[in-house]
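Raw data11.cif, mmCIF, C-alpha atoms:
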data_upload
#
loop_
_atom_site.label_atom_id
_atom_site.label_comp_id
_atom_site.auth_asym_id
_atom_site.auth_seq_id
_atom_site.Cartn_x
_atom_site.Cartn_y
_atom_site.Cartn_z
CA MET A 1 13.97 -123.08 -173.86
CA SER A 2 11.05 -125.42 -173.15
CA ALA A 3 10.29 -126.77 -169.70
CA ALA A 4 11.33 -130.25 -170.79
CA ALA A 5 14.64 -128.97 -172.15
CA ARG A 6 15.37 -127.03 -168.97
CA LEU A 7 14.86 -130.21 -166.97
CA GLU A 8 17.71 -131.83 -168.88
CA VAL A 9 20.09 -129.02 -167.91
CA GLY A 10 21.46 -129.62 -164.41
CA ALA A 11 18.73 -132.10 -163.48
CA ARG A 12 21.17 -134.73 -162.23
CA PRO A 13 22.98 -132.42 -159.77
CA ASP A 14 19.60 -131.30 -158.41
CA ARG A 15 18.51 -134.93 -158.04
CA ALA A 16 21.78 -135.81 -156.34
CA GLU A 17 21.41 -132.92 -153.89
CA PHE A 18 17.88 -134.08 -153.05
CA ALA A 19 19.12 -137.64 -152.47
CA ALA A 20 21.97 -136.47 -150.24
CA ARG A 21 19.80 -134.18 -148.15
CA THR A 22 16.85 -136.54 -147.70
CA LEU A 23 18.55 -139.96 -147.90
CA ALA A 24 15.82 -140.96 -150.36
CA SER A 25 16.09 -144.44 -151.86
CA GLU A 26 16.48 -145.11 -155.57
CA ALA A 27 12.86 -146.31 -155.64
CA GLN A 28 11.70 -143.04 -154.09
CA LEU A 29 13.81 -141.01 -156.50
CA ALA A 30 12.35 -142.96 -159.42
CA ASP A 31 8.81 -142.25 -158.17
CA LEU A 32 9.65 -138.56 -157.87
CA GLU A 33 10.94 -138.54 -161.44
CA ARG A 34 7.73 -140.17 -162.66
CA PHE A 35 5.73 -137.59 -160.72
CA GLN A 36 7.84 -134.83 -162.28
CA TRP A 37 6.97 -135.99 -165.78
CA LEU A 38 3.28 -136.37 -164.92
CA LEU A 39 3.39 -132.78 -163.69
CA ILE A 40 4.97 -131.62 -166.96
CA GLU A 41 2.36 -133.49 -169.01
CA TRP A 42 -0.62 -132.18 -167.05
CA ASN A 43 0.80 -128.68 -166.78
CA GLN A 44 0.27 -128.37 -170.52
CA ARG A 45 -3.49 -128.80 -169.95
CA MET A 46 -3.90 -126.69 -166.82
CA ASN A 47 -1.84 -124.27 -164.76
CA LEU A 48 -0.67 -126.51 -161.93
CA VAL A 49 2.62 -124.67 -161.31
CA GLY A 50 4.42 -121.85 -163.06
CA GLU A 51 6.28 -123.23 -166.07
CA ALA A 52 9.49 -121.49 -165.02
CA SER A 53 9.51 -123.49 -161.77
CA LEU A 54 9.39 -126.88 -163.52
CA GLY A 55 13.11 -126.71 -164.18
CA ALA A 56 13.71 -126.33 -160.44
CA PHE A 57 11.52 -129.30 -159.52
CA TRP A 58 13.97 -131.02 -157.17
CA ARG A 59 14.74 -128.02 -154.97
CA ARG A 60 11.76 -125.68 -155.32
CA HIS A 61 9.09 -128.36 -155.16
CA ALA A 62 10.42 -131.76 -154.04
CA LEU A 63 12.92 -130.70 -151.37
CA ASP A 64 10.65 -127.89 -150.19
CA SER A 65 8.00 -130.53 -149.51
CA ALA A 66 10.29 -133.26 -148.16
CA GLN A 67 11.80 -131.02 -145.49
CA LEU A 68 8.59 -131.41 -143.48
CA LEU A 69 9.06 -135.12 -142.77
CA PRO A 70 11.96 -134.90 -140.27
CA ILE A 71 10.07 -132.22 -138.31
CA ALA A 72 7.28 -134.74 -137.63
CA ALA A 73 9.25 -137.95 -137.93
CA ASP A 74 6.68 -140.08 -136.08
CA ALA A 75 3.69 -138.81 -138.07
CA LYS A 76 2.15 -141.36 -140.41
CA VAL A 77 -1.19 -139.78 -141.31
CA TRP A 78 -1.12 -136.37 -142.98
CA ALA A 79 -3.64 -134.04 -144.57
CA ASP A 80 -2.48 -131.64 -147.29
CA ILE A 81 -5.19 -129.02 -147.63
CA GLY A 82 -5.38 -127.16 -150.91
CA ALA A 83 -3.23 -129.96 -152.33
CA GLY A 84 -3.28 -128.50 -155.85
CA ALA A 85 -0.28 -129.81 -157.80
CA GLY A 86 0.68 -132.24 -155.04
CA PHE A 87 3.08 -130.17 -152.96
CA PRO A 88 3.77 -131.13 -150.32
CA GLY A 89 1.26 -134.02 -150.20
CA VAL A 90 2.30 -136.22 -153.13
CA VAL A 91 5.99 -135.86 -152.26
CA LEU A 92 5.22 -136.87 -148.66
CA ALA A 93 3.21 -139.87 -149.90
CA ILE A 94 6.13 -140.98 -152.08
CA LEU A 95 8.52 -140.80 -149.14
CA LEU A 96 6.06 -142.58 -146.83
CA LYS A 97 5.30 -145.34 -149.35
CA GLY A 98 5.87 -148.72 -147.69
CA VAL A 99 5.59 -147.35 -144.15
CA GLU A 100 2.98 -149.36 -142.25
CA GLY A 101 -0.10 -147.26 -141.49
CA ALA A 102 0.97 -144.33 -143.65
CA MET A 103 -1.69 -142.27 -145.42
CA VAL A 104 -1.71 -138.80 -146.96
CA HIS A 105 -5.11 -137.20 -147.46
CA LEU A 106 -4.98 -134.84 -150.45
CA VAL A 107 -7.74 -132.26 -149.94
CA GLU A 108 -8.54 -130.13 -152.97
CA SER A 109 -11.76 -128.37 -153.98
CA ARG A 110 -11.08 -127.99 -157.73
CA GLU A 111 -12.19 -131.01 -159.73
CA LYS A 112 -9.53 -130.73 -162.46
CA ARG A 113 -6.77 -130.73 -159.89
CA CYS A 114 -8.43 -133.61 -158.07
CA ALA A 115 -8.26 -135.54 -161.35
CA PHE A 116 -4.51 -134.90 -161.59
CA LEU A 117 -3.96 -135.97 -157.98
CA ARG A 118 -5.94 -139.19 -158.53
CA VAL A 119 -3.89 -140.04 -161.62
CA ALA A 120 -0.63 -139.39 -159.77
CA GLY A 121 -1.69 -141.46 -156.78
CA GLU A 122 -2.78 -144.39 -158.92
CA ALA A 123 0.20 -144.25 -161.28
CA LEU A 124 2.66 -144.34 -158.38
CA SER A 125 0.64 -146.68 -156.11
CA LEU A 126 0.80 -144.15 -153.30
CA PRO A 127 -0.67 -144.35 -149.80
CA ALA A 128 -2.87 -141.36 -150.63
CA GLN A 129 -6.57 -140.56 -150.79
CA VAL A 130 -7.99 -137.64 -152.73
CA HIS A 131 -10.88 -135.70 -151.21
CA CYS A 132 -12.48 -133.34 -153.71
CA ALA A 133 -13.96 -131.02 -151.10
CA ARG A 134 -13.41 -127.81 -149.22
CA ALA A 135 -10.89 -128.38 -146.43
CA GLU A 136 -13.11 -126.86 -143.74
CA ASP A 137 -15.97 -129.21 -144.65
CA LEU A 138 -13.96 -132.26 -143.61
CA ALA A 139 -12.93 -133.39 -140.14
CA LEU A 140 -10.27 -135.97 -140.84
CA LYS A 141 -8.28 -137.41 -137.95
CA VAL A 142 -4.64 -136.97 -138.87
CA ASP A 143 -1.32 -136.51 -137.12
CA VAL A 144 -0.32 -133.43 -139.14
CA VAL A 145 -2.22 -130.96 -141.30
CA THR A 146 -0.07 -129.11 -143.81
CA ALA A 147 -0.40 -126.65 -146.69
CA ARG A 148 1.72 -124.64 -149.09
CA ALA A 149 0.67 -121.45 -150.89
CA VAL A 150 -3.02 -121.84 -150.02
CA ALA A 151 -4.07 -118.74 -148.05
CA PRO A 152 -2.82 -116.17 -145.53
CA LEU A 153 -2.40 -117.71 -142.09
CA PRO A 154 -5.63 -116.35 -140.51
CA ARG A 155 -7.75 -117.99 -143.24
CA LEU A 156 -5.55 -121.09 -143.36
CA LEU A 157 -6.12 -121.70 -139.65
CA ALA A 158 -9.87 -121.45 -140.21
CA PHE A 159 -9.60 -124.09 -142.96
CA ALA A 160 -7.51 -126.33 -140.70
CA LYS A 161 -9.47 -125.90 -137.47
CA PRO A 162 -11.47 -129.18 -137.80
CA TYR A 163 -8.19 -131.12 -138.06
CA PHE A 164 -6.69 -129.41 -135.02
CA ALA A 165 -9.92 -130.20 -133.16
CA ARG A 166 -9.26 -133.90 -133.75
CA GLY A 167 -5.70 -133.77 -132.44
CA ALA A 168 -3.57 -132.68 -135.39
CA SER A 169 -0.62 -130.34 -135.25
CA GLY A 170 0.12 -128.01 -138.16
CA LEU A 171 3.17 -127.58 -140.41
CA PHE A 172 2.68 -124.74 -142.86
CA LEU A 173 5.18 -123.58 -145.48
CA LYS A 174 5.33 -119.79 -145.67
CA GLY A 175 7.35 -117.16 -147.50
CA LYS A 176 8.91 -113.86 -146.51
CA GLY A 177 5.63 -112.45 -145.18
CA ALA A 178 5.37 -115.07 -142.44
CA GLU A 179 5.87 -112.69 -139.51
CA ALA A 180 3.15 -110.33 -140.70
CA GLU A 181 0.77 -113.27 -141.20
CA ILE A 182 1.50 -114.53 -137.68
CA ALA A 183 0.76 -111.13 -136.19
CA GLN A 184 -2.53 -110.91 -138.08
CA ALA A 185 -3.50 -114.47 -137.11
CA ARG A 186 -2.96 -113.78 -133.43
CA LYS A 187 -5.80 -111.25 -133.53
CA ALA A 188 -8.29 -114.07 -134.10
CA TRP A 189 -6.51 -117.22 -132.91
CA ARG A 190 -4.59 -118.55 -129.94
CA PHE A 191 -1.93 -121.13 -130.78
CA SER A 192 1.47 -122.46 -129.84
CA LEU A 193 4.11 -121.65 -132.43
CA GLU A 194 7.61 -122.65 -133.42
CA VAL A 195 9.09 -120.85 -136.43
CA LEU A 196 11.62 -122.97 -138.32
CA PRO A 197 13.91 -121.93 -141.19
CA SER A 198 13.27 -123.28 -144.67
CA GLN A 199 15.97 -125.44 -146.29
CA THR A 200 15.12 -124.13 -149.74
CA ASP A 201 14.47 -120.40 -149.30
CA PRO A 202 16.49 -118.09 -147.02
CA LEU A 203 13.36 -115.98 -146.56
CA GLY A 204 11.01 -118.94 -146.14
CA ARG A 205 9.68 -120.26 -142.85
CA ILE A 206 7.94 -123.40 -141.62
CA LEU A 207 5.30 -122.69 -139.00
CA LYS A 208 4.81 -125.50 -136.50
CA ILE A 209 1.47 -124.81 -134.84
CA GLY A 210 -0.50 -126.52 -132.09
CA SER A 211 -3.23 -125.92 -129.49
CA LEU A 212 -5.42 -123.88 -131.81
CA SER A 213 -8.42 -122.03 -130.43
CA HIS A 214 -10.39 -118.85 -131.14
CA VAL A 215 -9.60 -115.62 -129.32
CA ARG A 216 -12.55 -114.79 -127.09
#
Show the structure stored in the file as structure tokens.
Amino acid sequence: MSAAARLEVGARPDRAEFAARTLASEAQLADLERFQWLLIEWNQRMNLVGEASLGAFWRRHALDSAQLLPIAADAKVWADIGAGAGFPGVVLAILLKGVEGAMVHLVESREKRCAFLRVAGEALSLPAQVHCARAEDLALKVDVVTARAVAPLPRLLAFAKPYFARGASGLFLKGKGAEAEIAQARKAWRFSLEVLPSQTDPLGRILKIGSLSHVR
């Protein structure tokens, strides 16, 4: 079964679950659907996400990203480092669209993926800016720096350090290896930490990190 065909099977229940759990508006849901189809189209040209996961867009990608917003409800300016296919950054930008002062910085070093992110941002008129650069080479002032599936936590903290230095807190989506990554990161970094459960994966965790500094 093709990715497009799988999307037609059970797509409405998945969409309804997303709407119920996030209280997303019809306009936001429509933007997410448009983003979903852009992702399908571009995924035929480059490997943005695994094809098998396209049929689980609403839970595996959209809800997984959207669950970050209530954790930092007052945050308006975000940086998604290693933004790739737009998770969580594009989803956050869709949900923040129309909020005064909102901006999501999509930081991605690969030009082809930057092109996709630009097209998505323009097509959906999002409060988003694409930075085709290495995350650690920027020092953007944001409320929250986030990432999903970019690097193990010790390296991810090195990428994010310039953002923490300018006052950001971190929200990082991690899988079942989160505890081991935390232990490894503590060898090189000092940080405050709150470990939150994922809404979409019983083994997943959201790491809420602050006060980052090197171990001396």
Name the residues captured by the PyMOL selection byres ((chain A and resi 107) around 8) when it is applied to the shown file; answer as a PDB file with C-alpha atoms, keeping the file's coordinate frame.
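Below is the file that was written, out_19.pdb:
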ATOM      1  CA  ALA A  79      -3.640-134.040-144.570  1.00  0.00           C
ATOM      2  CA  ASP A  80      -2.480-131.640-147.290  1.00  0.00           C
ATOM      3  CA  ILE A  81      -5.190-129.020-147.630  1.00  0.00           C
ATOM      4  CA  GLY A  82      -5.380-127.160-150.910  1.00  0.00           C
ATOM      5  CA  ALA A  83      -3.230-129.960-152.330  1.00  0.00           C
ATOM      6  CA  HIS A 105      -5.110-137.200-147.460  1.00  0.00           C
ATOM      7  CA  LEU A 106      -4.980-134.840-150.450  1.00  0.00           C
ATOM      8  CA  GLU A 108      -8.540-130.130-152.970  1.00  0.00           C
ATOM      9  CA  SER A 109     -11.760-128.370-153.980  1.00  0.00           C
ATOM     10  CA  VAL A 130      -7.990-137.640-152.730  1.00  0.00           C
ATOM     11  CA  HIS A 131     -10.880-135.700-151.210  1.00  0.00           C
ATOM     12  CA  CYS A 132     -12.480-133.340-153.710  1.00  0.00           C
ATOM     13  CA  ALA A 133     -13.960-131.020-151.100  1.00  0.00           C
ATOM     14  CA  ARG A 134     -13.410-127.810-149.220  1.00  0.00           C
ATOM     15  CA  ALA A 135     -10.890-128.380-146.430  1.00  0.00           C
TER      16      ALA A 135
END
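Straight-line separation from atom CA of A:Gln36 to atom CA of A:Leu68: 19.1 Å.
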- Item | Selected residue of minimal separation from A:Phe87 among A:Ala185, A:Ala168, A:Leu207, A:Leu117, counting only C-alpha atoms |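 Counting only C-alpha atoms, the residue closest to A:Phe87 is A:Leu117.
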- Message: Just to confirm, what's the straight-line distance from atom CA of A:Glu122 to atom CA of A:Thr146 in Å (one decimal)?
- Response: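 Pair atom CA of A:Glu122 / atom CA of A:Thr146 returns 21.7 Å.
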- Hey, what's within 10 Å of stretch 155-158 of chain A if we count all atoms listed in the file and toss same-chain stuff fewer than 6 positions away? As an MDAnalysis selection string, please? chainID A and resid 81:82 135:136 146:149 164 170 172 181 185 188:189 191 209 212:214
- Item | Distance in Å - atom CA of A:Thr22 versus atom CA of A:Leu193 | 24.8 Å
Test item: axis-aligned box, all listed atoms of stretch 182-195 of chain A, 6 Å on each side, centre and edges in Å rounded to one decimal, as AutoDock Vina command-line options:
--center_x 0.4 --center_y -116.8 --center_z -134.0 --size_x 29.4 --size_y 23.7 --size_z 20.2
- Applied to the shown file, which residues does the PyMOL selection byres ((chain A and resi 62) around 8) return, written as number ranges by chain? A: 18, 32, 57-61, 63-66, 87-88, 91
Those same residues, written as a PDB file, in the coordinates of the input with C-alpha atoms?
ATOM      1  CA  PHE A  18      17.880-134.080-153.050  1.00  0.00           C
ATOM      2  CA  LEU A  32       9.650-138.560-157.870  1.00  0.00           C
ATOM      3  CA  PHE A  57      11.520-129.300-159.520  1.00  0.00           C
ATOM      4  CA  TRP A  58      13.970-131.020-157.170  1.00  0.00           C
ATOM      5  CA  ARG A  59      14.740-128.020-154.970  1.00  0.00           C
ATOM      6  CA  ARG A  60      11.760-125.680-155.320  1.00  0.00           C
ATOM      7  CA  HIS A  61       9.090-128.360-155.160  1.00  0.00           C
ATOM      8  CA  LEU A  63      12.920-130.700-151.370  1.00  0.00           C
ATOM      9  CA  ASP A  64      10.650-127.890-150.190  1.00  0.00           C
ATOM     10  CA  SER A  65       8.000-130.530-149.510  1.00  0.00           C
ATOM     11  CA  ALA A  66      10.290-133.260-148.160  1.00  0.00           C
ATOM     12  CA  PHE A  87       3.080-130.170-152.960  1.00  0.00           C
ATOM     13  CA  PRO A  88       3.770-131.130-150.320  1.00  0.00           C
ATOM     14  CA  VAL A  91       5.990-135.860-152.260  1.00  0.00           C
TER      15      VAL A  91
END
Run the PyMOL selection byres ((chain A and resi 102) around 6) on the file and write out the hits as an mmCIF file with C-alpha atoms, in the frame of the given file.
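Dumped everything to result_13.cif:
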data_model
loop_
_atom_site.group_PDB
_atom_site.id
_atom_site.type_symbol
_atom_site.label_atom_id
_atom_site.label_comp_id
_atom_site.auth_asym_id
_atom_site.auth_seq_id
_atom_site.Cartn_x
_atom_site.Cartn_y
_atom_site.Cartn_z
ATOM 1 C CA LYS A 76 2.150 -141.360 -140.410
ATOM 2 C CA VAL A 77 -1.190 -139.780 -141.310
ATOM 3 C CA VAL A 99 5.590 -147.350 -144.150
ATOM 4 C CA GLU A 100 2.980 -149.360 -142.250
ATOM 5 C CA GLY A 101 -0.100 -147.260 -141.490
ATOM 6 C CA MET A 103 -1.690 -142.270 -145.420
#
Provide stretch 173-191 of chain A rebuilt to N, CA and C atoms, formatted as a PDB file, in the frame of the given file.
ATOM      1  N   LEU A 173       4.076-124.199-144.763  1.00  0.00           N
ATOM      2  CA  LEU A 173       5.180-123.580-145.480  1.00  0.00           C
ATOM      3  C   LEU A 173       4.791-122.153-145.855  1.00  0.00           C
ATOM      4  N   LYS A 174       5.621-121.199-145.437  1.00  0.00           N
ATOM      5  CA  LYS A 174       5.330-119.790-145.670  1.00  0.00           C
ATOM      6  C   LYS A 174       6.546-119.079-146.238  1.00  0.00           C
ATOM      7  N   GLY A 175       6.289-117.944-146.900  1.00  0.00           N
ATOM      8  CA  GLY A 175       7.350-117.160-147.500  1.00  0.00           C
ATOM      9  C   GLY A 175       7.784-116.007-146.620  1.00  0.00           C
ATOM     10  N   LYS A 176       8.299-114.953-147.250  1.00  0.00           N
ATOM     11  CA  LYS A 176       8.910-113.860-146.510  1.00  0.00           C
ATOM     12  C   LYS A 176       7.920-113.047-145.688  1.00  0.00           C
ATOM     13  N   GLY A 177       6.628-113.190-145.955  1.00  0.00           N
ATOM     14  CA  GLY A 177       5.630-112.450-145.180  1.00  0.00           C
ATOM     15  C   GLY A 177       5.138-113.186-143.959  1.00  0.00           C
ATOM     16  N   ALA A 178       5.849-114.222-143.536  1.00  0.00           N
ATOM     17  CA  ALA A 178       5.370-115.070-142.440  1.00  0.00           C
ATOM     18  C   ALA A 178       5.113-114.288-141.161  1.00  0.00           C
ATOM     19  N   GLU A 179       6.021-113.405-140.781  1.00  0.00           N
ATOM     20  CA  GLU A 179       5.870-112.690-139.510  1.00  0.00           C
ATOM     21  C   GLU A 179       4.612-111.818-139.498  1.00  0.00           C
ATOM     22  N   ALA A 180       4.346-111.156-140.620  1.00  0.00           N
ATOM     23  CA  ALA A 180       3.150-110.330-140.700  1.00  0.00           C
ATOM     24  C   ALA A 180       1.886-111.196-140.621  1.00  0.00           C
ATOM     25  N   GLU A 181       1.926-112.368-141.247  1.00  0.00           N
ATOM     26  CA  GLU A 181       0.770-113.270-141.200  1.00  0.00           C
ATOM     27  C   GLU A 181       0.544-113.779-139.779  1.00  0.00           C
ATOM     28  N   ILE A 182       1.621-114.068-139.073  1.00  0.00           N
ATOM     29  CA  ILE A 182       1.500-114.530-137.680  1.00  0.00           C
ATOM     30  C   ILE A 182       0.845-113.454-136.823  1.00  0.00           C
ATOM     31  N   ALA A 183       1.312-112.235-136.974  1.00  0.00           N
ATOM     32  CA  ALA A 183       0.760-111.130-136.190  1.00  0.00           C
ATOM     33  C   ALA A 183      -0.728-110.953-136.466  1.00  0.00           C
ATOM     34  N   GLN A 184      -1.120-111.051-137.721  1.00  0.00           N
ATOM     35  CA  GLN A 184      -2.530-110.910-138.080  1.00  0.00           C
ATOM     36  C   GLN A 184      -3.346-112.076-137.517  1.00  0.00           C
ATOM     37  N   ALA A 185      -2.781-113.287-137.596  1.00  0.00           N
ATOM     38  CA  ALA A 185      -3.500-114.470-137.110  1.00  0.00           C
ATOM     39  C   ALA A 185      -3.740-114.410-135.612  1.00  0.00           C
ATOM     40  N   ARG A 186      -2.818-113.818-134.886  1.00  0.00           N
ATOM     41  CA  ARG A 186      -2.960-113.780-133.430  1.00  0.00           C
ATOM     42  C   ARG A 186      -4.115-112.886-132.978  1.00  0.00           C
ATOM     43  N   LYS A 187      -4.637-112.077-133.868  1.00  0.00           N
ATOM     44  CA  LYS A 187      -5.800-111.250-133.530  1.00  0.00           C
ATOM     45  C   LYS A 187      -7.069-112.091-133.407  1.00  0.00           C
ATOM     46  N   ALA A 188      -7.091-113.224-134.105  1.00  0.00           N
ATOM     47  CA  ALA A 188      -8.290-114.070-134.100  1.00  0.00           C
ATOM     48  C   ALA A 188      -8.076-115.436-133.467  1.00  0.00           C
ATOM     49  N   TRP A 189      -6.801-115.856-133.347  1.00  0.00           N
ATOM     50  CA  TRP A 189      -6.510-117.220-132.910  1.00  0.00           C
ATOM     51  C   TRP A 189      -5.479-117.240-131.793  1.00  0.00           C
ATOM     52  N   ARG A 190      -5.636-118.205-130.893  1.00  0.00           N
ATOM     53  CA  ARG A 190      -4.590-118.550-129.940  1.00  0.00           C
ATOM     54  C   ARG A 190      -3.940-119.849-130.411  1.00  0.00           C
ATOM     55  N   PHE A 191      -2.620-119.913-130.355  1.00  0.00           N
ATOM     56  CA  PHE A 191      -1.930-121.130-130.780  1.00  0.00           C
ATOM     57  C   PHE A 191      -0.490-121.134-130.280  1.00  0.00           C
TER      58      PHE A 191
END
